[in-house]
file protein_1.cif (mmCIF, C-alpha atoms)
data_structure
#
loop_
_atom_site.label_atom_id
_atom_site.label_comp_id
_atom_site.auth_asym_id
_atom_site.auth_seq_id
_atom_site.Cartn_x
_atom_site.Cartn_y
_atom_site.Cartn_z
CA MET A 1 -29.04 16.26 6.50
CA GLY A 2 -31.25 15.29 9.42
CA ASP A 3 -30.61 15.66 13.15
CA ALA A 4 -29.21 12.10 13.27
CA ASP A 5 -26.49 13.22 10.85
CA ARG A 6 -25.25 15.97 13.15
CA ALA A 7 -22.90 15.88 16.12
CA GLU A 8 -23.92 17.30 19.50
CA ASP A 9 -22.43 20.68 18.60
CA GLY A 10 -24.56 20.92 15.44
CA SER A 11 -21.70 20.21 13.03
CA PRO A 12 -22.08 17.44 10.45
CA ASP A 13 -21.52 13.95 11.88
CA VAL A 14 -18.04 12.62 10.95
CA ALA A 15 -19.48 9.34 9.63
CA SER A 16 -21.86 11.26 7.37
CA VAL A 17 -19.01 13.42 6.06
CA ILE A 18 -16.94 10.32 5.29
CA ALA A 19 -19.83 8.48 3.62
CA ALA A 20 -20.69 11.51 1.48
CA ALA A 21 -17.04 11.94 0.46
CA LEU A 22 -16.74 8.28 -0.55
CA GLU A 23 -20.00 8.33 -2.48
CA GLU A 24 -19.13 11.59 -4.24
CA ARG A 25 -15.84 10.02 -5.40
CA GLU A 26 -17.63 6.80 -6.37
CA LEU A 27 -15.36 4.68 -4.19
CA SER A 28 -16.40 1.18 -3.23
CA TYR A 29 -16.81 0.85 0.53
CA GLU A 30 -18.53 -1.11 3.27
CA ARG A 31 -19.56 -0.22 6.81
CA PRO A 32 -19.04 -3.42 8.81
CA GLU A 33 -20.06 -1.62 12.00
CA SER A 34 -20.78 1.85 13.26
CA GLY A 35 -17.81 4.20 12.95
CA ARG A 36 -15.87 1.92 10.61
CA PHE A 37 -15.45 2.12 6.86
CA VAL A 38 -13.58 -0.33 4.64
CA VAL A 39 -12.67 1.38 1.36
CA THR A 40 -11.32 -0.40 -1.72
CA LEU A 41 -8.86 1.81 -3.61
CA PRO A 42 -8.09 0.70 -7.19
CA GLY A 43 -4.42 0.84 -8.19
CA THR A 44 -2.15 -0.02 -11.08
CA LYS A 45 0.93 -1.75 -9.62
CA LYS A 46 -0.88 -2.92 -6.49
CA LEU A 47 -4.23 -3.74 -8.04
CA GLN A 48 -6.20 -2.72 -4.98
CA THR A 49 -5.52 -1.40 -1.53
CA ILE A 50 -8.00 -2.00 1.27
CA CYS A 51 -8.12 0.99 3.61
CA TRP A 52 -9.86 1.19 6.98
CA LEU A 53 -11.23 4.49 8.26
CA ILE A 54 -12.01 4.11 11.97
CA ILE A 55 -13.72 6.87 13.90
CA GLY A 56 -12.43 7.14 17.45
CA ALA A 57 -13.33 9.44 20.33
CA HIS A 58 -10.92 12.18 19.19
CA ALA A 59 -9.40 11.10 15.88
CA LEU A 60 -10.01 9.28 12.65
CA ARG A 61 -7.57 6.39 12.25
CA VAL A 62 -6.46 5.44 8.73
CA GLU A 63 -4.98 1.99 8.21
CA ALA A 64 -4.16 0.13 5.00
CA PHE A 65 -2.40 -3.18 4.46
CA VAL A 66 0.34 -2.79 1.84
CA CYS A 67 2.49 -5.93 1.77
CA ARG A 68 3.10 -9.08 3.80
CA GLN A 69 6.33 -9.49 5.70
CA PRO A 70 9.33 -9.74 3.36
CA ASP A 71 11.02 -13.10 2.79
CA GLU A 72 14.45 -11.46 2.60
CA ASN A 73 16.26 -8.15 3.03
CA ARG A 74 13.93 -7.00 5.82
CA GLU A 75 16.24 -4.27 7.10
CA GLN A 76 16.88 -2.96 3.58
CA LEU A 77 13.14 -2.81 2.86
CA TRP A 78 12.31 -1.17 6.17
CA SER A 79 15.11 1.38 5.65
CA TYR A 80 13.71 2.14 2.18
CA LEU A 81 10.24 2.73 3.64
CA LEU A 82 11.43 4.77 6.62
CA GLN A 83 13.33 7.09 4.30
CA HIS A 84 10.04 7.88 2.58
CA ASN A 85 8.10 8.58 5.80
CA SER A 86 9.48 12.09 6.28
CA ARG A 87 8.17 13.17 2.86
CA MET A 88 4.71 11.63 3.11
CA TYR A 89 1.40 13.34 3.80
CA GLY A 90 -1.10 12.10 6.37
CA VAL A 91 0.13 8.52 6.69
CA ALA A 92 3.40 6.71 7.32
CA TYR A 93 4.73 3.22 6.77
CA SER A 94 4.53 0.92 9.77
CA ILE A 95 4.99 -2.77 10.49
CA ASP A 96 3.01 -5.06 12.76
CA SER A 97 4.39 -7.67 15.15
CA VAL A 98 5.07 -10.18 12.35
CA GLY A 99 6.57 -7.63 9.94
CA ASP A 100 3.62 -7.04 7.60
CA ILE A 101 3.70 -3.53 6.13
CA TYR A 102 0.91 -1.00 6.60
CA LEU A 103 0.22 2.66 5.99
CA VAL A 104 -1.20 4.29 9.12
CA GLY A 105 -2.26 7.78 10.13
CA ARG A 106 -4.53 9.82 12.39
CA LEU A 107 -6.59 12.91 11.74
CA GLY A 108 -8.31 14.94 14.43
CA LEU A 109 -12.09 14.70 14.10
CA HIS A 110 -12.34 18.49 13.84
CA ALA A 111 -10.33 18.29 10.60
CA VAL A 112 -12.44 15.64 8.84
CA THR A 113 -13.80 17.14 5.64
CA ALA A 114 -14.56 15.65 2.24
CA GLU A 115 -11.42 17.32 0.88
CA GLU A 116 -9.24 15.89 3.66
CA ILE A 117 -10.68 12.39 3.19
CA ASP A 118 -9.82 12.73 -0.52
CA ARG A 119 -6.25 13.81 0.31
CA LEU A 120 -5.74 10.98 2.82
CA LEU A 121 -7.10 8.30 0.52
CA GLY A 122 -5.07 9.76 -2.34
CA SER A 123 -1.97 9.53 -0.15
CA VAL A 124 -2.70 5.91 0.77
CA LEU A 125 -3.26 4.96 -2.85
CA THR A 126 -0.18 6.81 -4.10
CA TYR A 127 2.21 5.41 -1.49
CA ALA A 128 0.89 1.84 -1.64
CA ASP A 129 0.89 1.78 -5.44
CA GLU A 130 3.99 3.87 -6.21
CA HIS A 131 6.40 1.83 -4.08
CA PHE A 132 4.79 -1.60 -4.40
CA ASN A 133 7.02 -3.11 -7.10
CA THR A 134 10.18 -1.87 -5.38
CA MET A 135 8.97 -3.41 -2.11
CA LEU A 136 8.48 -6.73 -3.89
CA GLU A 137 11.89 -6.55 -5.56
CA ILE A 138 13.65 -5.88 -2.26
CA GLY A 139 11.65 -8.23 -0.05
CA PHE A 140 10.83 -11.03 -2.49
CA GLY A 141 13.51 -10.74 -5.20
CA SER A 142 14.70 -14.35 -5.00
CA SER A 143 11.14 -15.66 -5.28
CA ILE A 144 10.40 -13.41 -8.25
CA ARG A 145 13.54 -14.58 -10.05
CA ARG A 146 12.82 -18.26 -9.29
CA GLU A 147 9.28 -17.88 -10.62
CA TRP A 148 10.60 -16.08 -13.72
CA ASP A 149 13.13 -18.85 -14.40
CA TRP A 150 10.55 -21.61 -13.79
CA ARG A 151 8.10 -20.04 -16.24
CA ILE A 152 10.82 -19.54 -18.87
CA SER A 153 11.95 -23.17 -18.53
CA ARG A 154 8.42 -24.43 -19.09
CA GLY A 155 7.32 -21.90 -21.70
CA GLU A 156 4.70 -20.48 -19.33
CA SER A 157 3.23 -17.01 -19.65
CA LEU A 158 5.17 -14.15 -18.06
CA ALA A 159 2.24 -11.73 -18.42
CA ASN A 160 1.61 -11.15 -14.71
CA LEU A 161 5.37 -10.81 -14.07
CA ALA A 162 5.88 -8.28 -16.88
CA ALA A 163 6.46 -5.46 -14.38
CA PHE A 164 9.52 -7.38 -13.12
CA ALA A 165 11.06 -8.26 -16.49
CA GLU A 166 13.99 -5.86 -16.17
CA PHE A 167 14.53 -6.83 -12.54
CA ALA A 168 14.40 -10.60 -13.24
CA GLN A 169 16.76 -10.29 -16.21
CA ARG A 170 19.18 -7.87 -14.50
CA ARG A 171 20.86 -10.75 -12.65
CA ASP A 172 21.68 -12.43 -15.97
CA ARG A 173 23.16 -9.20 -17.38
CA ASP A 174 25.12 -8.59 -14.16
CA ALA A 175 26.43 -12.17 -14.18
CA GLY A 176 27.54 -11.71 -17.80
CA THR A 177 29.35 -8.48 -16.90
CA ASP A 178 31.06 -10.17 -13.93
CA ALA A 179 32.15 -13.13 -16.08
CA ALA A 180 33.53 -10.81 -18.78
CA ALA A 181 35.50 -8.87 -16.15
CA THR A 182 37.10 -12.04 -14.75
CA ASP A 183 38.03 -13.27 -18.28
CA SER A 184 40.03 -10.09 -18.93
#
call {"tool": "encode", "arguments": {"input": "protein_1.cif", "output": "structure tokens"}}
result
Amino acid sequence: MGDADRAEDGSPDVASVIAAALEERELSYERPESGRFVVTLPGTKKLQTICWLIIGAHALRVEAFVCRQPDENREQLWSYLLQHNSRMYGVAYSIDSVGDIYLVGRLGLHAVTAEEIDRLLGSVLTYADEHFNTMLEIGFGSSIRREWDWRISRGESLANLAAFAEFAQRRDRDAGTDAAATDS
């Protein structure tokens, strides 16, 4: 590490620590400008999460887009997410002015280490991926069911909706249960 990679106090430069941590973990990232990293985190339910790491004067800001604003059940979805915030590490769910959902957090620059970057990015990936399908079911349930029905009616593939099979078919089971109860 050369002098350019060190802060004024002689400690490793935060940007160098972040870059080394990302490279060591073989994560795909870009540096669109000084002090900013855009990291692509691969997921399973949410196929990828784009996470910004922004170095400020006193803190590292972490920000990741999770889901666009819900079409329906906004308050139910936001309540679901807020209930998770108290149990989360390093980041919390947030919404912007139009209702899009993000994970955001801050870490003091003195605490930026490769291990802490790993923990923060692991948190972002876990929370974005783990809750993604539930967010879609709550906020876009009607659209998912309409798409499911449309594909069934036309014999189209359901492959990319497979994660929602139980959810899309639950309405039919519930309707059958309700009809049976009223026939009794």
call {"tool": "resolve_selection", "arguments": {"input": "protein_1.cif", "expression": "the PyMOL selection byres ((chain A and resi 147) around 12)", "output": "PyMOL selection string"}}
result
chain A and resi 140-146+148-158+160-162+164-165+168
call {"tool": "closest_residue", "arguments": {"input": "protein_1.cif", "among": "A:Phe167, A:Tyr29, A:Tyr127, A:Tyr102", "to": "Cys67 (chain A)", "atoms": "only C-alpha atoms"}}
result
A:Tyr102
call {"tool": "atom_distance", "arguments": {"input": "protein_1.cif", "atom1": "CA of Ile117 (chain A)", "atom2": "CA of Val14 (chain A)"}}
result
10.7 Å
call {"tool": "atom_distance", "arguments": {"input": "protein_1.cif", "atom1": "CA of Arg170 (chain A)", "atom2": "CA of Gly99 (chain A)"}}
result
27.5 Å
call {"tool": "residues_around", "arguments": {"input": "protein_1.cif", "residues": "region 88-95 of chain A", "least_positions_apart": "2", "cutoff": "12 Å", "atoms": "only C-alpha atoms", "output": "ChimeraX atom specification"}}
result
/A:51,60-70,74-75,77-86,97-108,111,116-128,131,135
call {"tool": "write_last_selection", "arguments": {"input": "protein_1.cif", "atoms": "C-alpha atoms", "output": "compact mmCIF listing (two decimals), keeping the file's coordinate frame"}}
result
# COMPACT_ATOMS: atom_id res chain seq x y z
CA CYS A 51 -8.12 0.99 3.61
CA LEU A 60 -10.01 9.28 12.65
CA ARG A 61 -7.57 6.39 12.25
CA VAL A 62 -6.46 5.44 8.73
CA GLU A 63 -4.98 1.99 8.21
CA ALA A 64 -4.16 0.13 5.00
CA PHE A 65 -2.40 -3.18 4.46
CA VAL A 66 0.34 -2.79 1.84
CA CYS A 67 2.49 -5.93 1.77
CA ARG A 68 3.10 -9.08 3.80
CA GLN A 69 6.33 -9.49 5.70
CA PRO A 70 9.33 -9.74 3.36
CA ARG A 74 13.93 -7.00 5.82
CA GLU A 75 16.24 -4.27 7.10
CA LEU A 77 13.14 -2.81 2.86
CA TRP A 78 12.31 -1.17 6.17
CA SER A 79 15.11 1.38 5.65
CA TYR A 80 13.71 2.14 2.18
CA LEU A 81 10.24 2.73 3.64
CA LEU A 82 11.43 4.77 6.62
CA GLN A 83 13.33 7.09 4.30
CA HIS A 84 10.04 7.88 2.58
CA ASN A 85 8.10 8.58 5.80
CA SER A 86 9.48 12.09 6.28
CA SER A 97 4.39 -7.67 15.15
CA VAL A 98 5.07 -10.18 12.35
CA GLY A 99 6.57 -7.63 9.94
CA ASP A 100 3.62 -7.04 7.60
CA ILE A 101 3.70 -3.53 6.13
CA TYR A 102 0.91 -1.00 6.60
CA LEU A 103 0.22 2.66 5.99
CA VAL A 104 -1.20 4.29 9.12
CA GLY A 105 -2.26 7.78 10.13
CA ARG A 106 -4.53 9.82 12.39
CA LEU A 107 -6.59 12.91 11.74
CA GLY A 108 -8.31 14.94 14.43
CA ALA A 111 -10.33 18.29 10.60
CA GLU A 116 -9.24 15.89 3.66
CA ILE A 117 -10.68 12.39 3.19
CA ASP A 118 -9.82 12.73 -0.52
CA ARG A 119 -6.25 13.81 0.31
CA LEU A 120 -5.74 10.98 2.82
CA LEU A 121 -7.10 8.30 0.52
CA GLY A 122 -5.07 9.76 -2.34
CA SER A 123 -1.97 9.53 -0.15
CA VAL A 124 -2.70 5.91 0.77
CA LEU A 125 -3.26 4.96 -2.85
CA THR A 126 -0.18 6.81 -4.10
CA TYR A 127 2.21 5.41 -1.49
CA ALA A 128 0.89 1.84 -1.64
CA HIS A 131 6.40 1.83 -4.08
CA MET A 135 8.97 -3.41 -2.11
call {"tool": "residues_around", "arguments": {"input": "protein_1.cif", "residues": "Leu41 (chain A)", "least_positions_apart": "4", "cutoff": "7 Å", "atoms": "all atoms listed in the file", "output": "list of chain:residue names"}}
result
A:Gln48, A:Thr49, A:Ile50, A:Leu125
call {"tool": "atom_distance", "arguments": {"input": "protein_1.cif", "atom1": "CA of Arg31 (chain A)", "atom2": "CA of Leu47 (chain A)"}}
result
21.6 Å
call {"tool": "residues_around", "arguments": {"input": "protein_1.cif", "residues": "Ala20 (chain A)", "least_positions_apart": "2", "cutoff": "12 Å", "atoms": "all atoms listed in the file", "output": "number ranges by chain"}}
result
A: 1, 5, 12-18, 22-27, 29, 112-115, 117-118
call {"tool": "write_last_selection", "arguments": {"input": "protein_1.cif", "atoms": "C-alpha atoms", "output": "compact mmCIF listing (two decimals), in the coordinates of the input"}}
result
# COMPACT_ATOMS: atom_id res chain seq x y z
CA MET A 1 -29.04 16.26 6.50
CA ASP A 5 -26.49 13.22 10.85
CA PRO A 12 -22.08 17.44 10.45
CA ASP A 13 -21.52 13.95 11.88
CA VAL A 14 -18.04 12.62 10.95
CA ALA A 15 -19.48 9.34 9.63
CA SER A 16 -21.86 11.26 7.37
CA VAL A 17 -19.01 13.42 6.06
CA ILE A 18 -16.94 10.32 5.29
CA LEU A 22 -16.74 8.28 -0.55
CA GLU A 23 -20.00 8.33 -2.48
CA GLU A 24 -19.13 11.59 -4.24
CA ARG A 25 -15.84 10.02 -5.40
CA GLU A 26 -17.63 6.80 -6.37
CA LEU A 27 -15.36 4.68 -4.19
CA TYR A 29 -16.81 0.85 0.53
CA VAL A 112 -12.44 15.64 8.84
CA THR A 113 -13.80 17.14 5.64
CA ALA A 114 -14.56 15.65 2.24
CA GLU A 115 -11.42 17.32 0.88
CA ILE A 117 -10.68 12.39 3.19
CA ASP A 118 -9.82 12.73 -0.52
call {"tool": "decode", "arguments": {"input": "protein_1.cif", "residues": "region 145-158 of chain A", "atoms": "N, CA, C and O atoms", "output": "short mmCIF file (atom, residue, chain, number, x, y, z; two decimals), in the first residue's frame"}}
result
data_model
loop_
_atom_site.label_atom_id
_atom_site.label_comp_id
_atom_site.auth_asym_id
_atom_site.auth_seq_id
_atom_site.Cartn_x
_atom_site.Cartn_y
_atom_site.Cartn_z
N ARG A 145 -51.41 -12.56 -9.61
CA ARG A 145 -52.52 -13.49 -9.88
C ARG A 145 -53.07 -13.31 -11.29
O ARG A 145 -53.40 -14.29 -11.96
N ARG A 146 -53.20 -12.05 -11.75
CA ARG A 146 -53.68 -11.81 -13.11
C ARG A 146 -52.73 -12.41 -14.14
O ARG A 146 -53.15 -13.03 -15.12
N GLU A 147 -51.43 -12.21 -13.91
CA GLU A 147 -50.43 -12.77 -14.83
C GLU A 147 -50.49 -14.29 -14.82
O GLU A 147 -50.42 -14.93 -15.88
N TRP A 148 -50.64 -14.89 -13.65
CA TRP A 148 -50.75 -16.35 -13.51
C TRP A 148 -51.95 -16.84 -14.32
O TRP A 148 -51.83 -17.77 -15.12
N ASP A 149 -53.11 -16.22 -14.11
CA ASP A 149 -54.33 -16.63 -14.80
C ASP A 149 -54.19 -16.46 -16.32
O ASP A 149 -54.62 -17.32 -17.09
N TRP A 150 -53.61 -15.35 -16.76
CA TRP A 150 -53.42 -15.09 -18.18
C TRP A 150 -52.56 -16.17 -18.81
O TRP A 150 -52.87 -16.69 -19.89
N ARG A 151 -51.47 -16.52 -18.14
CA ARG A 151 -50.57 -17.54 -18.69
C ARG A 151 -51.25 -18.91 -18.73
O ARG A 151 -51.07 -19.66 -19.69
N ILE A 152 -52.01 -19.22 -17.69
CA ILE A 152 -52.73 -20.51 -17.66
C ILE A 152 -53.72 -20.55 -18.83
O ILE A 152 -53.80 -21.55 -19.54
N SER A 153 -54.47 -19.48 -19.02
CA SER A 153 -55.50 -19.45 -20.07
C SER A 153 -54.91 -19.60 -21.47
O SER A 153 -55.59 -20.05 -22.39
N ARG A 154 -53.67 -19.22 -21.64
CA ARG A 154 -53.05 -19.29 -22.96
C ARG A 154 -52.01 -20.41 -23.08
O ARG A 154 -51.34 -20.53 -24.09
N GLY A 155 -51.87 -21.19 -22.03
CA GLY A 155 -50.90 -22.28 -22.06
C GLY A 155 -49.46 -21.81 -22.06
O GLY A 155 -48.57 -22.50 -22.51
N GLU A 156 -49.23 -20.60 -21.54
CA GLU A 156 -47.88 -20.02 -21.50
C GLU A 156 -47.09 -20.63 -20.34
O GLU A 156 -47.65 -21.14 -19.37
N SER A 157 -45.79 -20.49 -20.42
CA SER A 157 -44.89 -20.99 -19.37
C SER A 157 -45.10 -20.23 -18.06
O SER A 157 -45.27 -19.01 -18.06
N LEU A 158 -45.06 -20.95 -16.97
CA LEU A 158 -45.15 -20.36 -15.63
C LEU A 158 -43.79 -20.40 -14.93
O LEU A 158 -43.70 -20.13 -13.73
#
